>>> print(open('model.cif').read())   # mmCIF, C-alpha atoms (C1' of nucleotides)
data_input
loop_
_atom_site.group_PDB
_atom_site.id
_atom_site.type_symbol
_atom_site.label_atom_id
_atom_site.label_comp_id
_atom_site.auth_asym_id
_atom_site.auth_seq_id
_atom_site.Cartn_x
_atom_site.Cartn_y
_atom_site.Cartn_z
ATOM 1 C CA MET X 800 3.421 17.062 18.175
ATOM 2 C CA PRO X 801 5.881 14.566 17.081
ATOM 3 C CA GLN X 802 4.569 12.345 14.408
ATOM 4 C CA LEU X 803 6.951 9.934 12.733
ATOM 5 C CA PRO X 804 9.206 12.508 10.981
ATOM 6 C CA GLU X 805 9.573 14.655 14.087
ATOM 7 C CA ALA X 806 10.388 11.663 16.283
ATOM 8 C CA GLU X 807 12.845 10.431 13.655
ATOM 9 C CA THR X 808 14.605 13.821 13.608
ATOM 10 C CA ILE X 809 14.992 13.865 17.375
ATOM 11 C CA LYS X 810 16.134 10.234 17.459
ATOM 12 C CA GLU X 811 18.838 10.877 14.866
ATOM 13 C CA ASP X 812 20.024 13.913 16.833
ATOM 14 C CA LEU X 813 20.218 11.760 19.955
ATOM 15 C CA ARG X 814 22.321 9.201 18.105
ATOM 16 C CA GLU X 815 24.684 11.857 16.863
ATOM 17 C CA LEU X 816 25.031 13.902 20.027
ATOM 18 C CA VAL X 817 24.077 11.881 23.071
ATOM 19 C CA VAL X 818 24.408 8.132 22.549
ATOM 20 C CA GLY X 819 27.569 6.930 24.276
ATOM 21 C CA SER X 820 27.297 9.480 27.058
ATOM 22 C CA LYS X 821 26.832 8.595 30.684
ATOM 23 C CA THR X 822 24.282 10.099 33.039
ATOM 24 C CA LEU X 823 25.370 11.641 36.310
ATOM 25 C CA GLY X 824 21.925 12.175 37.695
ATOM 26 C CA THR X 825 18.438 13.319 36.979
ATOM 27 C CA GLU X 826 15.923 15.814 38.321
ATOM 28 C CA LEU X 827 12.321 14.794 37.965
ATOM 29 C CA LEU X 828 10.629 18.180 38.188
ATOM 30 C CA ASP X 829 7.153 17.020 37.226
ATOM 31 C CA PRO X 830 6.075 13.655 38.644
ATOM 32 C CA ALA X 831 3.205 13.543 36.146
ATOM 33 C CA LEU X 832 5.839 12.510 33.611
ATOM 34 C CA VAL X 833 6.074 9.046 35.113
ATOM 35 C CA GLU X 834 2.388 8.629 35.961
ATOM 36 C CA GLN X 835 1.850 6.093 38.713
ATOM 37 C CA SER X 836 5.389 4.811 39.084
ATOM 38 C CA PRO X 837 7.483 6.038 42.042
ATOM 39 C CA ALA X 838 9.594 9.103 41.300
ATOM 40 C CA GLU X 839 12.564 7.806 43.323
ATOM 41 C CA GLU X 840 12.815 4.587 41.403
ATOM 42 C CA PHE X 841 12.536 6.433 38.120
ATOM 43 C CA ALA X 842 15.361 8.779 39.057
ATOM 44 C CA ARG X 843 17.495 5.892 40.263
ATOM 45 C CA ARG X 844 17.130 3.925 37.037
ATOM 46 C CA LEU X 845 18.215 7.022 35.118
ATOM 47 C CA THR X 846 21.256 7.753 37.254
ATOM 48 C CA ASP X 847 24.811 6.602 36.547
ATOM 49 C CA VAL X 848 24.000 4.672 33.382
ATOM 50 C CA ARG X 849 25.422 4.829 29.884
ATOM 51 C CA ILE X 850 23.062 5.612 26.999
ATOM 52 C CA THR X 851 23.859 2.876 24.531
ATOM 53 C CA GLY X 852 21.276 3.557 21.868
ATOM 54 C CA ALA X 853 18.384 5.643 20.621
ATOM 55 C CA ARG X 854 15.523 4.134 18.670
ATOM 56 C CA ARG X 855 12.212 5.197 17.226
ATOM 57 C CA ARG X 856 9.118 3.052 17.008
ATOM 58 C CA ALA X 857 6.187 4.907 15.436
ATOM 59 C CA LYS X 858 6.021 8.148 17.425
ATOM 60 C CA HIS X 859 7.849 6.671 20.421
ATOM 61 C CA ILE X 860 11.439 7.630 21.194
ATOM 62 C CA ILE X 861 13.345 4.971 23.090
ATOM 63 C CA LEU X 862 16.644 5.340 24.917
ATOM 64 C CA ASP X 863 18.537 2.128 25.604
ATOM 65 C CA LEU X 864 20.735 2.028 28.699
ATOM 66 C CA ASP X 865 23.622 -0.237 29.633
ATOM 67 C CA SER X 866 21.633 -1.326 32.673
ATOM 68 C CA GLY X 867 19.380 -3.269 30.308
ATOM 69 C CA ASP X 868 16.574 -0.779 30.779
ATOM 70 C CA SER X 869 14.831 1.035 27.954
ATOM 71 C CA LEU X 870 13.241 4.421 28.515
ATOM 72 C CA ASP X 871 10.143 4.932 26.391
ATOM 73 C CA LEU X 872 9.162 8.554 25.710
ATOM 74 C CA GLN X 873 5.818 9.567 24.274
ATOM 75 C CA LEU X 874 6.077 13.250 23.477
ATOM 76 C CA LYS X 875 2.422 13.481 22.420
ATOM 77 C CA LEU X 876 1.367 16.975 21.354
ATOM 78 C CA ALA X 877 4.011 19.276 22.713
ATOM 79 C CA GLY X 878 6.991 17.408 24.144
ATOM 80 C CA GLN X 879 10.519 18.548 23.329
ATOM 81 C CA LEU X 880 13.959 17.104 24.041
ATOM 82 C CA LEU X 881 16.553 19.860 24.272
ATOM 83 C CA LEU X 882 20.290 19.434 24.653
ATOM 84 C CA VAL X 883 21.330 22.483 26.588
ATOM 85 C CA PRO X 884 24.900 23.599 27.234
ATOM 86 C CA PRO X 885 25.861 24.130 30.901
ATOM 87 C CA VAL X 886 25.305 27.882 31.119
ATOM 88 C CA GLU X 887 21.844 28.193 29.612
ATOM 89 C CA PRO X 888 19.211 29.492 32.022
ATOM 90 C CA PRO X 889 16.493 27.045 33.000
ATOM 91 C CA GLU X 890 13.398 27.043 30.854
ATOM 92 C CA SER X 891 9.819 26.879 31.925
ATOM 93 C CA PHE X 892 7.790 23.675 31.648
ATOM 94 C CA VAL X 893 10.808 21.457 32.101
ATOM 95 C CA MET X 894 9.533 18.107 33.333
ATOM 96 C CA LEU X 895 12.893 16.372 33.562
ATOM 97 C CA VAL X 896 16.566 17.349 33.533
ATOM 98 C CA LEU X 897 19.078 14.692 32.631
ATOM 99 C CA HIS X 898 22.643 15.531 33.604
ATOM 100 C CA LEU X 899 25.356 14.013 31.437
ATOM 101 C CA ASP X 900 28.879 13.354 32.671
ATOM 102 C CA ASP X 901 30.350 16.022 30.362
ATOM 103 C CA GLU X 902 28.294 18.799 31.980
ATOM 104 C CA ARG X 903 25.734 18.849 29.227
ATOM 105 C CA ARG X 904 22.084 18.521 30.128
ATOM 106 C CA ILE X 905 19.030 17.264 28.340
ATOM 107 C CA TYR X 906 15.776 19.010 29.138
ATOM 108 C CA LEU X 907 12.513 17.241 28.565
ATOM 109 C CA ARG X 908 10.138 20.149 28.161
ATOM 110 C CA ASP X 909 6.398 20.158 27.479
ATOM 111 C CA GLU X 910 4.154 23.199 27.569
ATOM 112 C CA LEU X 911 1.100 20.974 27.841
ATOM 113 C CA ARG X 912 2.662 18.564 30.326
ATOM 114 C CA LEU X 913 1.260 15.615 28.408
ATOM 115 C CA THR X 914 4.539 13.800 27.749
ATOM 116 C CA ARG X 915 4.864 10.424 29.475
ATOM 117 C CA ALA X 916 7.956 8.374 30.217
ATOM 118 C CA ARG X 917 8.144 4.726 31.201
ATOM 119 C CA PHE X 918 10.926 2.273 31.929
ATOM 120 C CA PHE X 919 10.929 -1.215 30.541
ATOM 121 C CA GLY X 920 13.288 -4.024 31.359
ATOM 122 C CA PRO X 921 14.744 -6.387 28.755
ATOM 123 C CA GLY X 922 11.973 -7.875 26.653
ATOM 124 C CA GLU X 923 9.199 -5.821 28.217
ATOM 125 C CA LEU X 924 9.257 -3.054 25.638
ATOM 126 C CA GLU X 925 8.472 -5.324 22.726
ATOM 127 C CA LYS X 926 5.402 -6.583 24.547
ATOM 128 C CA GLU X 927 4.326 -3.047 25.301
ATOM 129 C CA LEU X 928 4.591 -1.918 21.690
ATOM 130 C CA ALA X 929 3.171 -5.087 20.197
ATOM 131 C CA ASP X 930 -0.124 -3.430 19.313
ATOM 132 C CA LEU X 931 1.523 -1.002 16.919
ATOM 133 C CA GLY X 932 1.154 -1.647 13.224
ATOM 134 C CA PRO X 933 4.080 -1.669 10.822
ATOM 135 C CA ASP X 934 6.303 1.349 10.502
ATOM 136 C CA PRO X 935 5.344 2.836 7.112
ATOM 137 C CA LEU X 936 8.968 3.226 6.077
ATOM 138 C CA GLU X 937 9.905 -0.385 6.815
ATOM 139 C CA ASP X 938 9.741 -3.292 4.402
ATOM 140 C CA GLY X 939 6.731 -4.835 6.140
ATOM 141 C CA PHE X 940 4.535 -1.967 5.007
ATOM 142 C CA THR X 941 3.646 -3.068 1.497
ATOM 143 C CA VAL X 942 0.881 -2.109 -0.934
ATOM 144 C CA GLU X 943 -0.552 -5.550 -0.343
ATOM 145 C CA TYR X 944 -0.583 -5.056 3.435
ATOM 146 C CA LEU X 945 -2.349 -1.741 3.027
ATOM 147 C CA ARG X 946 -4.861 -3.166 0.573
ATOM 148 C CA ARG X 947 -5.682 -6.086 2.853
ATOM 149 C CA SER X 948 -5.930 -3.847 5.922
ATOM 150 C CA LEU X 949 -8.342 -1.435 4.288
ATOM 151 C CA GLY X 950 -10.503 -4.009 2.557
ATOM 152 C CA GLY X 951 -13.626 -4.738 4.561
ATOM 153 C CA ARG X 952 -13.196 -1.658 6.721
ATOM 154 C CA ARG X 953 -16.193 0.633 6.477
ATOM 155 C CA SER X 954 -14.552 3.487 8.368
ATOM 156 C CA ARG X 955 -13.607 6.718 6.739
ATOM 157 C CA ILE X 956 -10.081 6.581 5.471
ATOM 158 C CA LYS X 957 -8.645 9.484 7.453
ATOM 159 C CA PRO X 958 -9.311 8.213 10.980
ATOM 160 C CA LEU X 959 -8.190 4.754 9.857
ATOM 161 C CA LEU X 960 -4.801 5.969 8.685
ATOM 162 C CA MET X 961 -4.312 7.608 12.054
ATOM 163 C CA GLU X 962 -4.951 4.332 13.887
ATOM 164 C CA GLN X 963 -1.551 3.303 15.177
ATOM 165 C CA ARG X 964 -2.593 -0.343 15.176
ATOM 166 C CA LEU X 965 -3.033 -0.284 11.409
ATOM 167 C CA VAL X 966 0.034 1.733 10.485
ATOM 168 C CA ALA X 967 2.153 3.455 13.084
ATOM 169 C CA GLY X 968 3.383 7.009 12.959
ATOM 170 C CA ILE X 969 0.914 9.076 10.947
ATOM 171 C CA GLY X 970 -0.759 12.035 12.666
ATOM 172 C CA ASN X 971 -3.153 14.790 11.771
ATOM 173 C CA ILE X 972 -0.815 16.931 9.674
ATOM 174 C CA TYR X 973 0.680 14.254 7.493
ATOM 175 C CA VAL X 974 -2.567 12.383 6.934
ATOM 176 C CA ASP X 975 -4.149 15.397 5.254
ATOM 177 C CA GLU X 976 -1.130 15.886 3.011
ATOM 178 C CA ILE X 977 -1.038 12.164 2.217
ATOM 179 C CA LEU X 978 -4.696 12.047 1.205
ATOM 180 C CA TYR X 979 -4.240 15.171 -0.870
ATOM 181 C CA ASP X 980 -1.391 13.553 -2.794
ATOM 182 C CA ALA X 981 -3.331 10.346 -3.276
ATOM 183 C CA ARG X 982 -6.366 12.395 -4.388
ATOM 184 C CA ILE X 983 -8.611 10.630 -1.900
ATOM 185 C CA HIS X 984 -11.296 12.403 0.112
ATOM 186 C CA PRO X 985 -10.752 12.128 3.890
ATOM 187 C CA ARG X 986 -14.321 10.846 4.367
ATOM 188 C CA ARG X 987 -13.994 8.155 1.758
ATOM 189 C CA LYS X 988 -14.916 4.682 3.039
ATOM 190 C CA ALA X 989 -11.773 2.573 3.165
ATOM 191 C CA SER X 990 -13.378 -0.478 1.589
ATOM 192 C CA THR X 991 -14.230 1.468 -1.569
ATOM 193 C CA LEU X 992 -10.619 2.181 -2.482
ATOM 194 C CA SER X 993 -9.445 0.577 -5.697
ATOM 195 C CA THR X 994 -6.169 -1.296 -5.901
ATOM 196 C CA GLU X 995 -4.833 1.605 -7.897
ATOM 197 C CA GLU X 996 -5.837 4.038 -5.174
ATOM 198 C CA CYS X 997 -4.181 1.833 -2.549
ATOM 199 C CA ARG X 998 -1.001 1.969 -4.564
ATOM 200 C CA ALA X 999 -1.214 5.769 -4.750
ATOM 201 C CA LEU X 1000 -1.933 5.952 -1.034
ATOM 202 C CA HIS X 1001 1.004 3.743 -0.178
ATOM 203 C CA ALA X 1002 3.324 5.898 -2.282
ATOM 204 C CA ALA X 1003 1.910 9.105 -0.802
ATOM 205 C CA ILE X 1004 2.443 7.845 2.754
ATOM 206 C CA ARG X 1005 6.087 7.113 2.110
ATOM 207 C CA GLU X 1006 6.749 10.271 0.103
ATOM 208 C CA ASN X 1007 5.198 12.603 2.666
ATOM 209 C CA LEU X 1008 6.886 11.027 5.663
ATOM 210 C CA GLU X 1009 10.240 10.933 3.874
ATOM 211 C CA ALA X 1010 9.865 14.575 2.887
ATOM 212 C CA GLY X 1011 9.023 15.416 6.492
ATOM 213 C CA ILE X 1012 12.210 13.703 7.641
ATOM 214 C CA GLU X 1013 14.208 15.418 4.904
ATOM 215 C CA HIS X 1014 12.984 18.769 6.205
ATOM 216 C CA ARG X 1015 13.624 17.800 9.830
ATOM 217 C CA GLY X 1016 9.973 17.799 10.817
ATOM 218 C CA THR X 1017 6.989 20.115 10.720
ATOM 219 C CA THR X 1018 6.916 22.965 13.198
ATOM 220 C CA VAL X 1019 3.439 24.375 13.458
ATOM 221 C CA GLN X 1020 3.971 25.303 17.067
ATOM 222 C CA PHE X 1021 5.972 23.026 19.310
ATOM 223 C CA HIS X 1022 8.375 20.797 17.398
ATOM 224 C CA ARG X 1023 12.084 21.466 17.891
ATOM 225 C CA ASP X 1024 15.091 19.300 17.195
ATOM 226 C CA LEU X 1025 17.579 18.400 19.915
ATOM 227 C CA LEU X 1026 19.346 21.729 19.475
ATOM 228 C CA GLY X 1027 16.100 23.684 19.695
ATOM 229 C CA ARG X 1028 15.764 24.441 16.006
ATOM 230 C CA PRO X 1029 12.360 24.298 14.287
ATOM 231 C CA GLY X 1030 11.731 22.024 11.321
ATOM 232 C CA GLU X 1031 11.143 23.248 7.782
ATOM 233 C CA HIS X 1032 8.421 20.987 6.467
ATOM 234 C CA GLN X 1033 5.650 23.438 7.331
ATOM 235 C CA TYR X 1034 6.777 25.448 4.310
ATOM 236 C CA TYR X 1035 5.980 22.516 2.066
ATOM 237 C CA LEU X 1036 2.438 21.778 3.255
ATOM 238 C CA ARG X 1037 -0.217 22.208 0.593
ATOM 239 C CA VAL X 1038 -3.504 21.844 2.448
ATOM 240 C CA PHE X 1039 -2.945 21.580 6.192
ATOM 241 C CA GLU X 1040 -4.004 24.814 7.882
ATOM 242 C CA ARG X 1041 -4.594 26.381 4.477
ATOM 243 C CA GLY X 1042 -8.388 26.505 4.506
ATOM 244 C CA GLY X 1043 -9.751 29.015 1.986
ATOM 245 C CA GLN X 1044 -6.478 29.276 0.127
ATOM 246 C CA PRO X 1045 -6.066 28.029 -3.436
ATOM 247 C CA CYS X 1046 -5.295 24.371 -4.089
ATOM 248 C CA PRO X 1047 -1.818 24.241 -5.686
ATOM 249 C CA GLU X 1048 -3.139 21.739 -8.204
ATOM 250 C CA CYS X 1049 -6.446 23.163 -9.431
ATOM 251 C CA GLY X 1050 -6.700 26.611 -7.895
ATOM 252 C CA GLY X 1051 -9.961 25.808 -6.114
ATOM 253 C CA LYS X 1052 -10.422 26.632 -2.465
ATOM 254 C CA VAL X 1053 -9.021 24.293 0.156
ATOM 255 C CA ALA X 1054 -11.820 23.182 2.494
ATOM 256 C CA GLN X 1055 -11.615 22.930 6.270
ATOM 257 C CA GLU X 1056 -13.991 20.606 8.114
ATOM 258 C CA GLN X 1057 -14.064 18.266 11.091
ATOM 259 C CA VAL X 1058 -13.527 14.609 10.272
ATOM 260 C CA GLY X 1059 -13.434 12.184 13.157
ATOM 261 C CA GLY X 1060 -13.279 15.138 15.490
ATOM 262 C CA ARG X 1061 -10.057 16.423 13.962
ATOM 263 C CA ASN X 1062 -9.401 19.511 11.908
ATOM 264 C CA THR X 1063 -9.226 18.369 8.325
ATOM 265 C CA TYR X 1064 -8.063 20.151 5.195
ATOM 266 C CA TYR X 1065 -8.594 18.914 1.655
ATOM 267 C CA CYS X 1066 -9.387 19.993 -1.883
ATOM 268 C CA PRO X 1067 -13.011 19.162 -2.726
ATOM 269 C CA ASP X 1068 -12.228 19.228 -6.446
ATOM 270 C CA CYS X 1069 -9.099 17.057 -6.476
ATOM 271 C CA GLN X 1070 -9.999 14.543 -3.802
ATOM 272 C CA ILE X 1071 -12.671 12.051 -4.727
ATOM 273 C CA GLU X 1072 -15.320 11.264 -2.131
ATOM 274 C CA ASN X 1073 -17.066 8.367 -3.846
ATOM 275 C CA GLY X 1074 -15.343 5.381 -5.396
ATOM 276 C CA SER X 1075 -16.230 5.218 -9.068
ATOM 277 C CA TRP X 1076 -18.578 2.372 -10.035
ATOM 278 C CA GLU X 1077 -16.209 1.011 -12.633
ATOM 279 C CA SER X 1078 -13.215 0.720 -10.342
ATOM 280 C CA GLU X 1079 -12.280 -2.567 -8.803
ATOM 281 C CA GLN X 1080 -13.769 -2.617 -5.311
ATOM 282 C CA LEU X 1081 -11.761 -4.042 -2.445
ATOM 283 C CA SER X 1082 -14.919 -5.130 -0.730
ATOM 284 C CA LEU X 1083 -15.614 -7.559 -3.548
ATOM 285 C CA MET X 1084 -12.208 -9.173 -3.465
ATOM 286 C "C1'" DC I 1354 -16.924 -2.778 14.382
ATOM 287 C "C1'" DA I 1355 -17.684 2.305 13.873
ATOM 288 C "C1'" DA I 1356 -18.200 6.859 15.696
ATOM 289 C "C1'" DT I 1357 -18.245 10.246 19.315
ATOM 290 C "C1'" DC I 1358 -16.690 12.306 23.468
ATOM 291 C "C1'" DA I 1359 -14.265 13.432 27.521
ATOM 292 C "C1'" DA I 1360 -9.807 13.713 29.841
ATOM 293 C "C1'" DC I 1361 -5.253 14.851 30.234
ATOM 294 C "C1'" DC I 1362 -2.781 20.153 30.245
ATOM 295 C "C1'" DT I 1363 -1.444 25.055 29.129
ATOM 296 C "C1'" DG I 1364 -0.888 29.269 26.229
ATOM 297 C "C1'" DG I 1365 -2.519 31.892 22.753
ATOM 298 C "C1'" DG I 1366 -6.061 33.785 20.146
ATOM 299 C "C1'" DT I 1367 -10.758 35.729 19.658
ATOM 300 C "C1'" DG I 1368 -14.821 38.146 20.705
ATOM 301 C "C1'" DC I 1369 -17.555 40.775 23.812
ATOM 302 C "C1'" DT G 562 -7.899 45.801 30.012
ATOM 303 C "C1'" DG G 563 -10.389 41.919 31.457
ATOM 304 C "C1'" DC G 564 -12.646 37.755 30.984
ATOM 305 C "C1'" DA G 565 -14.966 33.773 29.132
ATOM 306 C "C1'" DC G 566 -14.443 30.762 25.746
ATOM 307 C "C1'" DC G 567 -12.327 27.969 22.073
ATOM 308 C "C1'" DC G 568 -8.538 25.674 19.982
ATOM 309 C "C1'" DA G 569 -4.196 22.656 19.384
ATOM 310 C "C1'" DG G 570 0.180 18.108 15.764
ATOM 311 C "C1'" DG G 571 -1.768 12.669 20.544
ATOM 312 C "C1'" DT G 572 -3.582 8.841 23.233
ATOM 313 C "C1'" DT G 573 -6.764 6.312 25.954
ATOM 314 C "C1'" DG G 574 -10.934 4.603 27.655
ATOM 315 C "C1'" DA G 575 -15.977 4.883 28.028
ATOM 316 C "C1'" DT G 576 -20.299 5.093 25.660
ATOM 317 C "C1'" DT G 577 -23.770 4.587 22.083
#
>>> encode(input="model.cif", output="structure tokens")
Amino acid sequence: MPQLPEAETIKEDLRELVVGSKTLGTELLDPALVEQSPAEEFARRLTDVRITGARRRAKHIILDLDSGDSLDLQLKLAGQLLLVPPVEPPESFVMLVLHLDDERRIYLRDELRLTRARFFGPGELEKELADLGPDPLEDGFTVEYLRRSLGGRRSRIKPLLMEQRLVAGIGNIYVDEILYDARIHPRRKASTLSTEECRALHAAIRENLEAGIEHRGTTVQFHRDLLGRPGEHQYYLRVFERGGQPCPECGGKVAQEQVGGRNTYYCPDCQIENGSWESEQLSLM
DNA sequence: CAATCAACCTGGGTGC
DNA sequence: TGCACCCAGGTTGATT
């Protein structure tokens, strides 16, 4: 579930409400959370440590501890972090309970049990995340970077934008909204985008992700903030999950098709499938 | 390099 | 009411 804006929302909540707290202990209720690594060691590294920071890298949420360890969380489709006051009844699908020294608890909950958590020592995390492309909201993500990355690529633009190695943090919801804004067809070959279209795409990426953050994430089904509240950005979506409904721009019907094996929504009238012959072609540059 | 597919999981929805 | 099937915002690895 969490794409960049959802992870950002949760990370900011962690900074506000949890960073600075100390852990008393931890209950690993679902060993699948830590994959192959030993449950005892995981619990030990998460016990009696102070949480000194919360970071986001792409869709990853990272907790820094005063032990020097960093805990990397990949919430994938359905993971939630919930700060629960002491008297709340336990919830189902809780994979991990983290007890804080002020009697608060953090539940890591995932109805699909796909969330994974890993510990990294000093310096190890950077190596682990080295394959991720630039964060689209950071300075390194420029129009020029996007133009160079797309030039020569014959893939369809939608699956490319979801490749975390190219640009990190965009998922299936936001990519459809981004391409709608940039008026580019999801099946368009990346190398046929004009410089002008790259500029529009770059702007659309930033605008959509920033709007998602502004609205505290998109809750189609699973996303909640640290206090369990849904986001609001779903009310601002114009094509995603709106197949058959009118395009806000032209009134035509929003189409729903599979692209790269993913549900894809777009406006066939507004979004151009073929690069026009007169436009400057990236492949020739 | 590009595209497809299966796995990982479960709940909810649909259709018979 | 029951049941078989299909689907899901993500990621990874295998295959063609």
>>> resolve_selection(input="model.cif", expression="the PyMOL selection byres ((chain X) within 7 of (chain G))", output="PDB file with C-alpha atoms, in the coordinates of the input")
ATOM      1  CA  MET X 800       3.421  17.062  18.175  1.00  0.00           C
ATOM      2  CA  PRO X 801       5.881  14.566  17.081  1.00  0.00           C
ATOM      3  CA  LYS X 875       2.422  13.481  22.420  1.00  0.00           C
ATOM      4  CA  LEU X 876       1.367  16.975  21.354  1.00  0.00           C
ATOM      5  CA  GLY X 970      -0.759  12.035  12.666  1.00  0.00           C
ATOM      6  CA  ASN X 971      -3.153  14.790  11.771  1.00  0.00           C
ATOM      7  CA  ILE X 972      -0.815  16.931   9.674  1.00  0.00           C
TER       8      ILE X 972
END
>>> atom_distance(input="model.cif", atom1="CA of Ala831 (chain X)", atom2="CA of Leu911 (chain X)")
11.3 Å
>>> resolve_selection(input="model.cif", expression="the PyMOL selection byres ((chain X) within 7 of (chain I))", output="VMD selection string")
chain X and resid 910 to 913 954
>>> write_last_selection(input="model.cif", atoms="C-alpha atoms", output="PDB file, in the coordinates of the input")
ATOM      1  CA  GLU X 910       4.154  23.199  27.569  1.00  0.00           C
ATOM      2  CA  LEU X 911       1.100  20.974  27.841  1.00  0.00           C
ATOM      3  CA  ARG X 912       2.662  18.564  30.326  1.00  0.00           C
ATOM      4  CA  LEU X 913       1.260  15.615  28.408  1.00  0.00           C
ATOM      5  CA  SER X 954     -14.552   3.487   8.368  1.00  0.00           C
TER       6      SER X 954
END
>>> resolve_selection(input="model.cif", expression="the PyMOL selection byres ((chain X and resi 999) around 10)", output="PyMOL selection string")
chain X and resi 942+977-978+980-983+993-998+1000-1004
>>> write_last_selection(input="model.cif", atoms="C-alpha atoms", output="PDB file, keeping the file's coordinate frame")
ATOM      1  CA  VAL X 942       0.881  -2.109  -0.934  1.00  0.00           C
ATOM      2  CA  ILE X 977      -1.038  12.164   2.217  1.00  0.00           C
ATOM      3  CA  LEU X 978      -4.696  12.047   1.205  1.00  0.00           C
ATOM      4  CA  ASP X 980      -1.391  13.553  -2.794  1.00  0.00           C
ATOM      5  CA  ALA X 981      -3.331  10.346  -3.276  1.00  0.00           C
ATOM      6  CA  ARG X 982      -6.366  12.395  -4.388  1.00  0.00           C
ATOM      7  CA  ILE X 983      -8.611  10.630  -1.900  1.00  0.00           C
ATOM      8  CA  SER X 993      -9.445   0.577  -5.697  1.00  0.00           C
ATOM      9  CA  THR X 994      -6.169  -1.296  -5.901  1.00  0.00           C
ATOM     10  CA  GLU X 995      -4.833   1.605  -7.897  1.00  0.00           C
ATOM     11  CA  GLU X 996      -5.837   4.038  -5.174  1.00  0.00           C
ATOM     12  CA  CYS X 997      -4.181   1.833  -2.549  1.00  0.00           C
ATOM     13  CA  ARG X 998      -1.001   1.969  -4.564  1.00  0.00           C
ATOM     14  CA  LEU X1000      -1.933   5.952  -1.034  1.00  0.00           C
ATOM     15  CA  HIS X1001       1.004   3.743  -0.178  1.00  0.00           C
ATOM     16  CA  ALA X1002       3.324   5.898  -2.282  1.00  0.00           C
ATOM     17  CA  ALA X1003       1.910   9.105  -0.802  1.00  0.00           C
ATOM     18  CA  ILE X1004       2.443   7.845   2.754  1.00  0.00           C
TER      19      ILE X1004
END
>>> axis_aligned_box(input="model.cif", around="region 564-575 of chain G", padding_each_side="8 Å", output="lines of an AutoDock Vina configuration file")
center_x = -7.9
center_y = 21.2
center_z = 23.4
size_x = 32.2
size_y = 49.2
size_z = 31.2
>>> atom_distance(input="model.cif", atom1="CA of Val896 (chain X)", atom2="CA of Leu928 (chain X)")
25.6 Å
>>> residues_around(input="model.cif", residues="Tyr1034 (chain X)", least_positions_apart="5", cutoff="10 Å", atoms="only C-alpha atoms (C1' of nucleotides)", output="NGL selection string")
:X and (1014 or 1017-1019)
